[in-house]
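Chemist: For reference, the file start24.cif (mmCIF, C-alpha atoms) is included below:
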```cif
data_query
#
loop_
_atom_site.label_atom_id
_atom_site.label_comp_id
_atom_site.auth_asym_id
_atom_site.auth_seq_id
_atom_site.Cartn_x
_atom_site.Cartn_y
_atom_site.Cartn_z
CA MET A 1 -9.66 -20.18 19.50
CA THR A 2 -8.95 -17.27 17.15
CA ALA A 3 -9.34 -17.57 13.37
CA MET A 4 -6.56 -15.34 12.05
CA THR A 5 -6.35 -13.39 8.78
CA PRO A 6 -3.19 -12.27 6.94
CA GLY A 7 -1.32 -9.73 9.04
CA SER A 8 -3.38 -10.24 12.20
CA ASN A 9 -1.66 -11.07 15.48
CA ILE A 10 -2.52 -12.28 18.97
CA PRO A 11 -0.55 -12.31 22.24
CA LEU A 12 0.65 -15.72 23.40
CA PRO A 13 -0.81 -16.73 26.78
CA VAL A 14 1.81 -19.47 27.31
CA ALA A 15 5.59 -19.60 26.92
CA ARG A 16 5.67 -22.86 24.95
CA VAL A 17 3.68 -23.17 21.74
CA ALA A 18 3.54 -25.68 18.90
CA VAL A 19 2.66 -24.65 15.34
CA ASP A 20 1.51 -27.54 13.15
CA VAL A 21 0.66 -27.14 9.48
CA SER A 22 -1.79 -29.56 7.86
CA ALA A 23 -2.83 -30.01 4.22
CA PRO A 24 -4.30 -32.69 1.95
CA VAL A 25 -0.69 -33.61 1.03
CA ARG A 26 2.45 -34.21 3.10
CA LEU A 27 4.25 -30.98 3.97
CA ASP A 28 7.78 -30.25 5.13
CA VAL A 29 7.63 -27.81 8.04
CA SER A 30 10.65 -25.78 9.18
CA GLY A 31 11.52 -23.03 11.64
CA LEU A 32 14.13 -20.26 11.48
CA LEU A 33 15.45 -18.27 14.45
CA LEU A 34 15.94 -14.65 13.43
CA THR A 35 17.68 -11.67 15.00
CA ALA A 36 16.48 -8.07 14.82
CA ASP A 37 17.86 -7.73 11.27
CA GLY A 38 15.65 -10.61 10.07
CA LYS A 39 18.54 -13.04 9.53
CA VAL A 40 19.73 -16.29 11.11
CA ARG A 41 23.00 -16.12 13.09
CA SER A 42 24.25 -19.25 11.31
CA ASP A 43 22.91 -22.34 9.55
CA ASP A 44 22.37 -23.84 13.02
CA ASP A 45 19.32 -21.56 13.35
CA PHE A 46 17.52 -23.43 10.55
CA ILE A 47 15.42 -26.15 12.22
CA PHE A 48 14.00 -28.88 9.98
CA TYR A 49 13.84 -32.67 9.62
CA ASN A 50 17.62 -33.07 9.12
CA GLN A 51 18.41 -30.70 12.00
CA PRO A 52 15.48 -31.16 14.38
CA SER A 53 16.55 -29.12 17.39
CA GLY A 54 18.05 -25.78 18.23
CA PRO A 55 18.03 -23.36 21.17
CA GLY A 56 14.39 -22.99 22.14
CA VAL A 57 13.03 -24.46 18.88
CA THR A 58 12.30 -28.09 17.97
CA TYR A 59 11.03 -29.85 14.86
CA ARG A 60 8.40 -32.51 15.60
CA SER A 61 7.57 -35.04 12.91
CA GLY A 62 4.01 -36.22 12.44
CA GLY A 63 5.28 -39.54 11.07
CA GLY A 64 3.16 -39.20 7.95
CA THR A 65 -0.09 -39.63 9.89
CA ALA A 66 -0.19 -36.24 11.64
CA PRO A 67 1.03 -32.76 10.65
CA ASP A 68 4.66 -31.85 11.24
CA ALA A 69 5.11 -29.08 13.81
CA ILE A 70 7.60 -26.54 15.08
CA VAL A 71 7.68 -26.18 18.88
CA VAL A 72 8.86 -22.83 20.23
CA ASP A 73 9.84 -22.31 23.87
CA THR A 74 10.00 -18.52 24.07
CA ALA A 75 11.61 -18.66 27.53
CA ALA A 76 14.50 -20.75 26.15
CA LEU A 77 15.26 -18.65 23.07
CA PRO A 78 18.76 -17.13 23.15
CA PRO A 79 19.23 -13.41 23.77
CA GLY A 80 19.06 -11.52 20.51
CA ILE A 81 16.53 -13.86 18.88
CA GLU A 82 13.42 -11.75 18.30
CA LYS A 83 11.44 -13.88 15.86
CA VAL A 84 10.85 -17.49 14.84
CA VAL A 85 9.26 -17.96 11.40
CA VAL A 86 7.45 -21.20 10.59
CA THR A 87 7.57 -22.31 6.95
CA ALA A 88 5.97 -25.08 4.92
CA SER A 89 6.48 -26.63 1.49
CA PRO A 90 4.91 -29.64 -0.24
CA ASP A 91 7.00 -32.79 0.23
CA ALA A 92 6.68 -33.82 -3.44
CA ALA A 93 9.41 -32.30 -5.63
CA GLY A 94 8.19 -29.31 -7.64
CA GLN A 95 4.64 -29.39 -6.29
CA SER A 96 3.00 -26.00 -5.72
CA PHE A 97 0.21 -24.96 -3.37
CA GLN A 98 -2.22 -24.76 -6.30
CA GLY A 99 -5.39 -26.49 -5.09
CA ILE A 100 -3.84 -27.17 -1.67
CA GLU A 101 -5.19 -25.31 1.33
CA PRO A 102 -2.72 -25.52 4.23
CA THR A 103 -3.90 -24.63 7.72
CA ALA A 104 -1.62 -23.68 10.59
CA THR A 105 -2.81 -24.34 14.13
CA VAL A 106 -1.08 -22.68 17.08
CA ARG A 107 -1.39 -24.78 20.24
CA GLY A 108 -0.15 -24.74 23.78
CA ALA A 109 2.81 -27.11 23.54
CA ASP A 110 2.21 -28.69 26.93
CA ASP A 111 -1.52 -29.42 26.83
CA GLY A 112 -2.23 -29.24 23.06
CA SER A 113 -4.98 -26.66 23.57
CA PRO A 114 -5.68 -24.75 20.30
CA LEU A 115 -5.02 -21.01 20.49
CA ALA A 116 -5.41 -19.88 16.87
CA THR A 117 -5.74 -21.13 13.30
CA PHE A 118 -4.71 -19.57 10.01
CA THR A 119 -5.43 -20.63 6.43
CA PRO A 120 -3.54 -18.47 3.89
CA PRO A 121 -5.93 -17.35 1.13
CA ARG A 122 -5.62 -17.62 -2.64
CA LEU A 123 -2.42 -19.61 -3.08
CA GLY A 124 -1.29 -20.63 -6.55
CA THR A 125 2.16 -21.26 -8.01
CA GLU A 126 3.97 -20.86 -4.68
CA THR A 127 6.11 -23.87 -3.76
CA ALA A 128 6.95 -22.68 -0.25
CA LEU A 129 5.28 -20.49 2.31
CA VAL A 130 6.12 -18.45 5.40
CA VAL A 131 3.03 -19.40 7.35
CA VAL A 132 3.25 -17.65 10.73
CA GLU A 133 5.84 -15.93 12.88
CA VAL A 134 6.32 -15.95 16.64
CA TYR A 135 7.84 -12.58 17.53
CA LEU A 136 8.83 -10.37 20.44
CA ARG A 137 7.20 -6.94 20.75
CA ASN A 138 7.64 -4.64 23.75
CA GLY A 139 8.75 -7.51 25.97
CA ALA A 140 5.78 -9.76 25.08
CA TRP A 141 5.67 -12.68 22.66
CA LYS A 142 2.99 -12.75 19.98
CA VAL A 143 2.10 -14.78 16.90
CA ARG A 144 1.31 -13.20 13.54
CA ALA A 145 -0.38 -14.75 10.50
CA VAL A 146 1.84 -14.14 7.43
CA GLY A 147 1.00 -16.32 4.41
CA GLN A 148 3.87 -15.05 2.21
CA GLY A 149 4.54 -17.41 -0.71
CA TYR A 150 7.75 -18.15 -2.62
CA ALA A 151 7.81 -19.50 -6.17
CA ASN A 152 11.41 -20.71 -5.80
CA GLY A 153 10.72 -23.17 -3.01
CA LEU A 154 12.14 -23.46 0.46
CA ALA A 155 15.51 -22.47 -1.03
CA GLY A 156 14.11 -18.97 -1.62
CA ILE A 157 12.93 -18.66 1.97
CA ALA A 158 16.16 -19.98 3.43
CA THR A 159 18.30 -17.68 1.28
CA ASP A 160 16.18 -14.63 2.19
CA PHE A 161 16.87 -15.31 5.86
CA GLY A 162 20.60 -15.91 5.43
CA VAL A 163 20.87 -19.72 5.29
CA SER A 164 23.61 -21.07 2.99
CA VAL A 165 21.39 -23.49 1.08
CA ASP A 166 23.91 -24.09 -1.71
CA GLU A 167 26.69 -25.19 0.62
CA GLU A 168 27.31 -28.94 0.41
CA PRO A 169 29.73 -30.82 2.68
CA ALA A 170 31.50 -32.47 -0.27
CA ALA A 171 32.08 -29.27 -2.23
CA PRO A 172 35.71 -28.04 -2.31
CA ALA A 173 36.35 -24.75 -0.58
CA ALA A 174 38.06 -22.91 -3.45
CA PRO A 175 40.07 -20.33 -1.54
CA GLN A 176 41.07 -22.77 1.24
CA PRO A 177 44.40 -24.62 1.23
CA PRO A 178 44.24 -28.42 0.78
CA ALA A 179 42.98 -30.38 3.78
CA ALA A 180 41.94 -27.23 5.60
CA PRO A 181 40.10 -28.02 8.85
CA ALA A 182 36.48 -27.14 9.36
CA PRO A 183 35.78 -23.61 10.61
CA PRO A 184 36.19 -23.26 14.39
CA SER A 185 32.54 -22.26 14.82
CA ALA A 186 31.37 -25.58 13.42
CA PRO A 187 33.18 -28.79 14.52
CA SER A 188 31.74 -30.52 11.52
CA ALA A 189 30.29 -29.26 8.26
CA PRO A 190 26.74 -27.91 8.54
CA PRO A 191 24.07 -30.53 7.84
CA ALA A 192 23.11 -30.92 4.21
CA TRP A 193 19.86 -29.18 3.40
CA SER A 194 18.03 -31.94 1.58
CA ALA A 195 14.70 -30.34 0.71
CA PRO A 196 13.87 -30.40 -3.06
CA GLN A 197 15.96 -27.89 -4.99
CA PRO A 198 14.41 -25.68 -7.70
CA PRO A 199 16.00 -25.71 -11.19
CA SER A 200 17.78 -22.43 -10.49
CA ALA A 201 18.07 -21.77 -6.77
CA PRO A 202 19.12 -18.23 -5.84
CA GLN A 203 22.75 -17.65 -4.92
CA PRO A 204 23.22 -16.91 -1.21
CA GLN A 205 25.68 -14.08 -1.84
CA ALA A 206 23.56 -12.25 -4.42
CA ALA A 207 23.58 -8.50 -3.89
CA PRO A 208 20.28 -7.01 -2.70
CA PRO A 209 18.32 -5.00 -5.25
CA ALA A 210 19.05 -1.30 -5.42
CA PRO A 211 16.59 0.85 -3.46
CA PRO A 212 14.01 2.74 -5.51
CA ALA A 213 14.46 6.38 -6.33
CA PRO A 214 13.00 8.59 -3.58
CA ALA A 215 10.18 9.90 -5.79
CA ALA A 216 9.04 6.48 -6.96
CA PRO A 217 6.32 4.56 -5.12
CA VAL A 218 7.53 1.69 -2.95
CA ALA A 219 6.32 -1.75 -4.03
CA PRO A 220 6.33 -4.52 -1.39
CA PRO A 221 7.75 -7.92 -2.36
CA ALA A 222 5.08 -10.37 -3.54
CA GLY A 223 2.90 -11.18 -0.55
CA GLY A 224 5.11 -8.96 1.60
CA LYS A 225 4.51 -5.91 3.78
CA VAL A 226 6.18 -2.54 4.27
CA ASN A 227 5.39 0.64 6.20
CA LEU A 228 5.14 4.26 5.08
CA ASP A 229 8.71 5.33 5.93
CA LYS A 230 9.96 5.27 2.33
CA GLY A 231 7.10 7.25 0.85
CA ARG A 232 4.05 6.35 -1.19
CA VAL A 233 3.39 2.61 -1.43
CA SER A 234 1.97 1.01 -4.57
CA LEU A 235 0.23 -2.27 -3.74
CA GLN A 236 -0.60 -5.26 -5.86
CA LYS A 237 -3.41 -7.71 -5.11
CA ASN A 238 -3.07 -9.33 -1.65
CA GLN A 239 -0.14 -7.15 -0.59
CA THR A 240 -0.20 -5.37 2.76
CA VAL A 241 1.25 -2.13 4.12
CA SER A 242 1.49 -1.24 7.80
CA LEU A 243 0.17 2.28 8.41
CA VAL A 244 3.20 3.19 10.50
CA LYS A 245 5.49 6.14 9.81
CA GLY A 246 8.60 6.98 11.81
CA GLY A 247 7.82 4.16 14.23
CA ARG A 248 4.40 5.58 15.08
CA PRO A 249 1.00 4.20 14.05
CA LEU A 250 -1.00 6.49 11.75
CA LEU A 251 -4.04 7.48 13.84
CA SER A 252 -5.08 10.69 12.10
CA GLN A 253 -7.78 11.39 9.54
CA VAL A 254 -7.33 9.61 6.22
CA LYS A 255 -9.33 9.61 2.99
CA MET A 256 -9.99 6.55 0.87
CA GLY A 257 -10.52 7.78 -2.67
CA LEU A 258 -12.09 5.42 -5.19
CA GLY A 259 -12.17 6.11 -8.91
CA TRP A 260 -13.10 4.54 -12.22
CA GLU A 261 -13.75 5.39 -15.86
CA PRO A 262 -16.08 3.89 -18.48
CA ALA A 263 -14.33 1.27 -20.60
CA TYR A 264 -16.23 2.57 -23.66
CA ARG A 265 -16.37 6.25 -24.57
CA GLY A 266 -19.69 7.96 -24.04
CA LYS A 267 -21.10 5.34 -21.70
CA ASP A 268 -21.85 6.47 -18.15
CA ILE A 269 -20.87 4.16 -15.29
CA ASP A 270 -22.87 4.55 -12.07
CA LEU A 271 -20.89 2.81 -9.35
CA ASP A 272 -21.29 3.18 -5.60
CA ALA A 273 -18.37 3.16 -3.16
CA SER A 274 -18.99 2.00 0.40
CA VAL A 275 -17.17 0.93 3.53
CA ILE A 276 -18.34 -1.85 5.86
CA ALA A 277 -17.27 -1.85 9.52
CA TYR A 278 -16.75 -5.05 11.51
CA GLY A 279 -16.10 -6.02 15.11
CA PRO A 280 -13.59 -8.51 16.55
CA GLN A 281 -15.72 -11.55 15.68
CA ARG A 282 -16.20 -10.38 12.09
CA ASN A 283 -19.61 -9.13 13.21
CA HIS A 284 -21.18 -6.43 11.05
CA LEU A 285 -21.34 -3.10 12.88
CA ASP A 286 -22.48 -0.63 10.20
CA SER A 287 -22.10 0.35 6.54
CA CYS A 288 -21.37 3.79 5.09
CA TYR A 289 -22.62 4.45 1.53
CA PHE A 290 -24.51 7.03 -0.53
CA GLY A 291 -27.72 6.35 1.45
CA LYS A 292 -25.99 6.66 4.86
CA LEU A 293 -23.21 9.21 4.64
CA THR A 294 -22.08 9.20 8.28
CA ILE A 295 -21.60 6.27 10.69
CA LEU A 296 -19.82 5.41 13.94
CA GLY A 297 -20.35 8.76 15.62
CA GLY A 298 -18.99 10.72 12.67
CA SER A 299 -15.65 8.91 12.53
CA VAL A 300 -16.55 7.63 9.03
CA LYS A 301 -18.06 9.95 6.41
CA HIS A 302 -18.98 9.50 2.73
CA SER A 303 -18.59 12.24 0.09
CA GLY A 304 -21.85 11.35 -1.73
CA ASP A 305 -22.85 9.58 -4.94
CA ASN A 306 -21.23 10.05 -8.37
CA LEU A 307 -23.68 9.03 -11.11
CA THR A 308 -21.41 8.86 -14.15
CA GLY A 309 -17.78 8.11 -13.32
CA GLU A 310 -16.72 10.84 -15.71
CA GLY A 311 -13.89 13.23 -15.00
CA ALA A 312 -10.40 12.95 -13.58
CA GLY A 313 -9.64 12.25 -9.94
CA ASP A 314 -11.54 10.36 -7.28
CA ASP A 315 -15.18 9.66 -8.05
CA GLU A 316 -16.14 9.07 -4.42
CA VAL A 317 -14.23 9.64 -1.20
CA ILE A 318 -14.70 8.11 2.25
CA MET A 319 -13.17 9.93 5.23
CA VAL A 320 -12.00 7.80 8.18
CA ASP A 321 -10.75 9.26 11.47
CA LEU A 322 -8.60 6.33 12.64
CA GLY A 323 -8.06 7.86 16.08
CA ARG A 324 -11.79 8.32 16.73
CA LEU A 325 -13.04 4.93 15.58
CA PRO A 326 -14.79 3.07 18.41
CA ALA A 327 -12.62 0.46 20.10
CA ASP A 328 -14.79 -2.41 18.88
CA VAL A 329 -14.12 -1.56 15.22
CA THR A 330 -11.34 -3.93 14.14
CA GLY A 331 -11.88 -4.13 10.38
CA LEU A 332 -13.03 -1.90 7.50
CA VAL A 333 -13.69 -3.26 4.01
CA PHE A 334 -13.99 -0.79 1.10
CA THR A 335 -16.26 -1.96 -1.71
CA VAL A 336 -17.63 -0.74 -5.04
CA ASN A 337 -20.97 -1.87 -6.50
CA SER A 338 -22.93 -1.36 -9.70
CA PHE A 339 -26.57 -0.84 -8.69
CA SER A 340 -27.61 -0.50 -12.34
CA GLY A 341 -26.20 -3.96 -13.11
CA GLN A 342 -23.25 -2.88 -15.27
CA LYS A 343 -20.37 -5.36 -15.01
CA PHE A 344 -16.79 -4.51 -14.11
CA THR A 345 -15.75 -5.62 -17.58
CA GLU A 346 -17.33 -2.29 -18.65
CA VAL A 347 -15.12 -0.35 -16.23
CA ALA A 348 -11.59 0.92 -16.83
CA LYS A 349 -8.88 2.30 -14.55
CA ALA A 350 -10.60 1.39 -11.28
CA TYR A 351 -8.43 2.16 -8.26
CA CYS A 352 -8.41 3.07 -4.61
CA ARG A 353 -5.92 5.28 -2.82
CA LEU A 354 -5.37 6.21 0.81
CA MET A 355 -4.51 9.85 1.50
CA ASP A 356 -3.55 11.94 4.51
CA ALA A 357 -6.67 14.08 4.99
CA ALA A 358 -4.73 17.04 6.38
CA SER A 359 -2.02 17.31 3.73
CA GLY A 360 -3.68 15.54 0.79
CA GLU A 361 -0.54 13.39 0.45
CA GLU A 362 -1.19 10.06 -1.24
CA LEU A 363 0.05 7.28 1.07
CA VAL A 364 -1.05 4.02 -0.56
CA ARG A 365 -2.45 3.19 -3.99
CA PHE A 366 -3.97 0.04 -5.52
CA ASP A 367 -4.89 -0.11 -9.21
CA LEU A 368 -7.32 -2.83 -10.25
CA THR A 369 -5.60 -4.57 -13.17
CA SER A 370 -8.17 -7.27 -13.92
CA ALA A 371 -11.94 -7.45 -14.26
CA GLU A 372 -14.67 -10.05 -14.03
CA PRO A 373 -18.28 -9.85 -15.28
CA GLN A 374 -19.59 -9.19 -11.77
CA THR A 375 -21.39 -6.23 -10.20
CA GLY A 376 -19.36 -5.85 -7.00
CA VAL A 377 -15.72 -5.77 -5.96
CA MET A 378 -13.95 -5.65 -2.60
CA MET A 379 -11.12 -3.17 -3.18
CA ALA A 380 -9.20 -3.02 0.10
CA LYS A 381 -9.41 -3.67 3.83
CA LEU A 382 -8.02 -1.96 6.91
CA ILE A 383 -7.34 -4.24 9.89
CA ARG A 384 -6.56 -2.98 13.41
CA GLN A 385 -3.70 -4.90 15.07
CA PHE A 386 -3.40 -5.66 18.78
CA SER A 387 -0.58 -3.11 18.88
CA GLY A 388 -3.07 -0.41 17.83
CA GLU A 389 -1.62 0.10 14.36
CA TRP A 390 -3.69 -0.36 11.20
CA GLU A 391 -2.73 -2.39 8.15
CA MET A 392 -4.11 -1.95 4.65
CA THR A 393 -4.36 -4.92 2.27
CA ALA A 394 -5.21 -4.70 -1.45
CA MET A 395 -8.02 -7.14 -2.31
CA GLY A 396 -9.52 -6.85 -5.81
CA ASP A 397 -12.02 -9.68 -5.20
CA PHE A 398 -15.19 -9.69 -7.31
CA VAL A 399 -18.64 -10.53 -5.95
CA LYS A 400 -22.08 -10.88 -7.51
CA SER A 401 -23.85 -8.06 -5.69
CA ARG A 402 -25.38 -4.77 -6.81
CA THR A 403 -25.62 -3.27 -3.32
CA VAL A 404 -23.45 -2.93 -0.24
CA ARG A 405 -25.94 -5.10 1.65
CA GLY A 406 -24.94 -8.06 -0.48
CA MET A 407 -21.27 -7.40 0.28
CA VAL A 408 -21.54 -7.74 4.05
CA LYS A 409 -21.18 -11.52 4.23
CA PRO A 410 -18.41 -12.02 1.62
CA ALA A 411 -16.46 -9.10 3.07
CA ALA A 412 -16.68 -10.62 6.56
CA GLN A 413 -15.34 -13.90 5.20
CA ALA A 414 -12.43 -12.03 3.58
CA LEU A 415 -11.27 -10.41 6.82
#
```
How does the structure come out when it is put into C-alpha cells?

Modeler:
Amino acid sequence: MTAMTPGSNIPLPVARVAVDVSAPVRLDVSGLLLTADGKVRSDDDFIFYNQPSGPGVTYRSGGGTAPDAIVVDTAALPPGIEKVVVTASPDAAGQSFQGIEPTATVRGADDGSPLATFTPPRLGTETALVVVEVYLRNGAWKVRAVGQGYANGLAGIATDFGVSVDEEPAAPAAPQPPAAPAPPSAPSAPPAWSAPQPPSAPQPQAAPPAPPAPAAPVAPPAGGKVNLDKGRVSLQKNQTVSLVKGGRPLLSQVKMGLGWEPAYRGKDIDLDASVIAYGPQRNHLDSCYFGKLTILGGSVKHSGDNLTGEGAGDDEVIMVDLGRLPADVTGLVFTVNSFSGQKFTEVAKAYCRLMDAASGEELVRFDLTSAEPQTGVMMAKLIRQFSGEWEMTAMGDFVKSRTVRGMVKPAAQAL
C-alpha cells in the first residue's frame, strides 16, 4: 500500500475503487463527476447522501460506525467524464478541520484491498476538503492526492465545480411564467443540497476573477496548483506548481537560489543551504551541501558556502539537472540551517526561487513570511510524478537542527 503525499499519484490496478475518508468525527463524503473543463455536466453529477448514485459513481454510507465512501467504477463512467473528485466536510455545522486529521484510503471496491492512503497535512480553518481525485491520463486511470481546503464549506467546492448549491425546489423561478413546468432535462426539481450552509455562501453565477496582468507573477488559489504557462509563479506556504510548460514537463537544468538577510544591521548570518535526495520509499539517497558540492553523478551541484548573508541576490545556489537525475530519485527537499546556532527570528527576507539555468528566467518564487526560534527550515520540495513531470511545493517548516544531517528524517516525513 502506498502512503501518498500532496500532489503524488499512482496508477489504478483495478477498474473499481472505493475511497473512504475517516476522522475522529463524522464526515460527509461526496463525489463529483467532472468533464475536461473541470465542471459537472449538471447537478446530477454531484453524488452525496441525498443523491447516492450516478453513472459510474456511488455514495456508500458507513452508518455512523464506519467511514463514508465514494465508489468509482471507471469502466462505467460516461464518455466525456475525465475526473471524479472526492470531497469531505465535518458533519457538525460550522466545524473546521482544526485538530482533525482525516485519512483517505483507496481500496479495490470488490475485495476491499488497500491500495493507497493519504492524510492531508497542516489543516486549520478549512471546513471542506477536496481529498483525492480519480482521473484519466493518456487512456489510463490514476488517483492523485490533493488535500485542497475550502473555508466556505462544501458550498464552496460545489460552486467551484458548477453545482447550483443555492437552488431550492420551493424557490420561485423569477423569469418563468406562473406554473411553468420543470425543465425538460430534469423531470423533477434537482434534489435539495442539505449539507450545512455557511453564513454567506458564494453565488453560483459569480463572474470569475480577472486574469492577472501578463507581467505579474501568478498566484495559485489557496492549496491549489498551476503550471508555468502563465509566467512566473509566486507560491505561498503549502502551495504547489507543476513544472510543465506548453504541455511538456520541464526536464532541463534548473537552479534553486536561496537567499536571506540579517534581521539586524551589522550582524552576519551564516546559514547553509542544502538539498536532500530521496528514493520512492522516502529512503535517503544523498545530501548536497557546502561539504559535499556534487552528488548523484553530477546531476546536483552546490555553489559553495556564504558566510555572512550580506549582499543582494541569492546567497547560495543549487543546480539540478532534472533530465539527468537517476530514475530512483523521486523527491528533493531544499533546506537551510544555521550551524552557528542563530535562530530564524534573526533572519529577514529569506526566500527560495527556481530558475531556468540556461536563460536565468525566474520560474517559481517562495518568500518566507514567518519565523520561529529554530535553527533549520525546510523551504521547498520537488516531487517526481508517475507521468515524469516534477512538482514544486512551498514548505516553510521549521526544525530544530543546525546541520543537514538532522534534517534528513523530518524532511522524509514531509514528503

Chemist: What do you get, as an MDAnalysis selection string, if you spell out every residue that the PyMOL selection byres ((chain A and resi 135-150) around 7) selects here?

Modeler: chainID A and resid 4:12 82:84 118 120 126:134 151:153 156:157 223:224

Chemist: One decimal, Å: what's the distance from CA of Gln281 in chain A over to CA of Val244 in chain A, could you say?

Modeler: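 Separation of CA of Gln281 in chain A and CA of Val244 in chain A: 24.5 Å.
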
Chemist: Between A:Ala155, A:Lys343, A:Thr2, A:Leu77, single out the one closest to Thr117 in chain A, counting all atoms listed in the file.

Modeler: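 When distances to Thr117 in chain A are compared using all atoms listed in the file, the smallest one comes from A:Thr2.
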
Chemist: State, in Å with one decimal place, the distance from CA of Ser287 in chain A to CA of Val241 in chain A.

Modeler: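 CA of Ser287 in chain A sits 23.6 Å away from CA of Val241 in chain A.
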
Chemist: Have a look at CA of Val399 in chain A and CA of His284 in chain A and let me know their distance in Å, one decimal.

Modeler: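 That distance, rounded to one decimal, is 17.7 Å.
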
Chemist: If you apply the PyMOL selection byres ((chain A and resi 320) around 12) to this file, what residues do you get, as a ChimeraX atom specification?

Modeler: /A:250-257,274-277,288,293-303,317-319,321-326,329,332-334,354-358,382

Chemist: So that all listed atoms of range 121-135 of chain A fit with 8 Å spare on each side, what axis-aligned box centre and edge lengths in Å, to one decimal, would you give as JSON?

Modeler:
```
{"center_x": 1.0, "center_y": -18.2, "center_z": 4.8, "size_x": 29.8, "size_y": 27.3, "size_z": 41.5}
```

Chemist: Evaluate the PyMOL selection byres ((chain A and resi 53-65) around 10) against this structure - the residues, as number ranges by chain, please.

Modeler: A: 16-20, 22, 25-33, 44-52, 66-78, 81, 84

Chemist: Pick from A:Tyr351, A:Phe161, A:Tyr278, A:Phe398: nearest to Asp315 in chain A, with all atoms listed in the file counted?

Modeler: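 Looking at the shortest contact to Asp315 in chain A, the residue is A:Tyr351.
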
Chemist: Between A:Val364, A:Ala273, A:Val40, A:Ala350, which one has atoms that come closest to Gly291 in chain A, using all atoms listed in the file?

Modeler: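 Result for the nearest residue to Gly291 in chain A: A:Ala273.
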
Chemist: From the list A:Gly80, A:Gly279, A:Pro262, A:Pro249, which residue is nearest Ser387 in chain A when using only C-alpha atoms?

Modeler: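 Among the listed residues, the smallest separation from Ser387 in chain A belongs to A:Pro249.
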
Chemist: For each of A:Ala412, A:Val377, A:Cys352, A:Leu235, take the minimum atom-to-atom distance to Gly331 in chain A, counting all atoms listed in the file, then give the residue where this is smallest.

Modeler: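 Closest to Gly331 in chain A of all the choices is A:Ala412.
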
Chemist: Nearest to Lys349 in chain A among A:Ala15, A:Leu228, A:Ala414, A:Leu368, with distances taken over only C-alpha atoms: which residue is it?

Modeler: A:Leu368

Chemist: Report as a count of residues only all protein, DNA and RNA residues lying within 12 Å of Asn337 in chain A, evaluated on only C-alpha atoms, omitting residues in the same chain fewer than 3 positions from it.

Modeler: 37

Chemist: Mind rebuilding range 273-277 of chain A with all heavy atoms and writing that out as a PDB file, in the coordinates of the input?

Modeler:
```
ATOM      1  N   ALA A 273     -19.417   3.544  -4.092  1.00  0.00           N
ATOM      2  CA  ALA A 273     -18.370   3.160  -3.160  1.00  0.00           C
ATOM      3  C   ALA A 273     -18.933   3.138  -1.736  1.00  0.00           C
ATOM      4  O   ALA A 273     -19.742   3.989  -1.360  1.00  0.00           O
ATOM      5  CB  ALA A 273     -17.196   4.144  -3.247  1.00  0.00           C
ATOM      6  N   SER A 274     -18.493   2.166  -0.962  1.00  0.00           N
ATOM      7  CA  SER A 274     -18.990   2.000   0.400  1.00  0.00           C
ATOM      8  C   SER A 274     -17.859   1.487   1.286  1.00  0.00           C
ATOM      9  O   SER A 274     -16.830   1.032   0.799  1.00  0.00           O
ATOM     10  CB  SER A 274     -20.153   0.994   0.440  1.00  0.00           C
ATOM     11  OG  SER A 274     -21.139   1.291  -0.527  1.00  0.00           O
ATOM     12  N   VAL A 275     -18.079   1.567   2.578  1.00  0.00           N
ATOM     13  CA  VAL A 275     -17.170   0.930   3.530  1.00  0.00           C
ATOM     14  C   VAL A 275     -18.023   0.210   4.567  1.00  0.00           C
ATOM     15  O   VAL A 275     -19.045   0.731   5.031  1.00  0.00           O
ATOM     16  CB  VAL A 275     -16.220   1.956   4.188  1.00  0.00           C
ATOM     17  CG1 VAL A 275     -16.986   3.018   4.971  1.00  0.00           C
ATOM     18  CG2 VAL A 275     -15.227   1.248   5.100  1.00  0.00           C
ATOM     19  N   ILE A 276     -17.612  -1.010   4.903  1.00  0.00           N
ATOM     20  CA  ILE A 276     -18.340  -1.850   5.860  1.00  0.00           C
ATOM     21  C   ILE A 276     -17.453  -2.016   7.082  1.00  0.00           C
ATOM     22  O   ILE A 276     -16.272  -2.381   6.970  1.00  0.00           O
ATOM     23  CB  ILE A 276     -18.677  -3.224   5.251  1.00  0.00           C
ATOM     24  CG1 ILE A 276     -19.309  -3.048   3.871  1.00  0.00           C
ATOM     25  CG2 ILE A 276     -19.610  -3.998   6.164  1.00  0.00           C
ATOM     26  CD1 ILE A 276     -19.475  -4.352   3.100  1.00  0.00           C
ATOM     27  N   ALA A 277     -18.021  -1.762   8.262  1.00  0.00           N
ATOM     28  CA  ALA A 277     -17.270  -1.850   9.520  1.00  0.00           C
ATOM     29  C   ALA A 277     -17.623  -3.135  10.256  1.00  0.00           C
ATOM     30  O   ALA A 277     -18.790  -3.529  10.325  1.00  0.00           O
ATOM     31  CB  ALA A 277     -17.579  -0.641  10.404  1.00  0.00           C
TER      32      ALA A 277
END
```
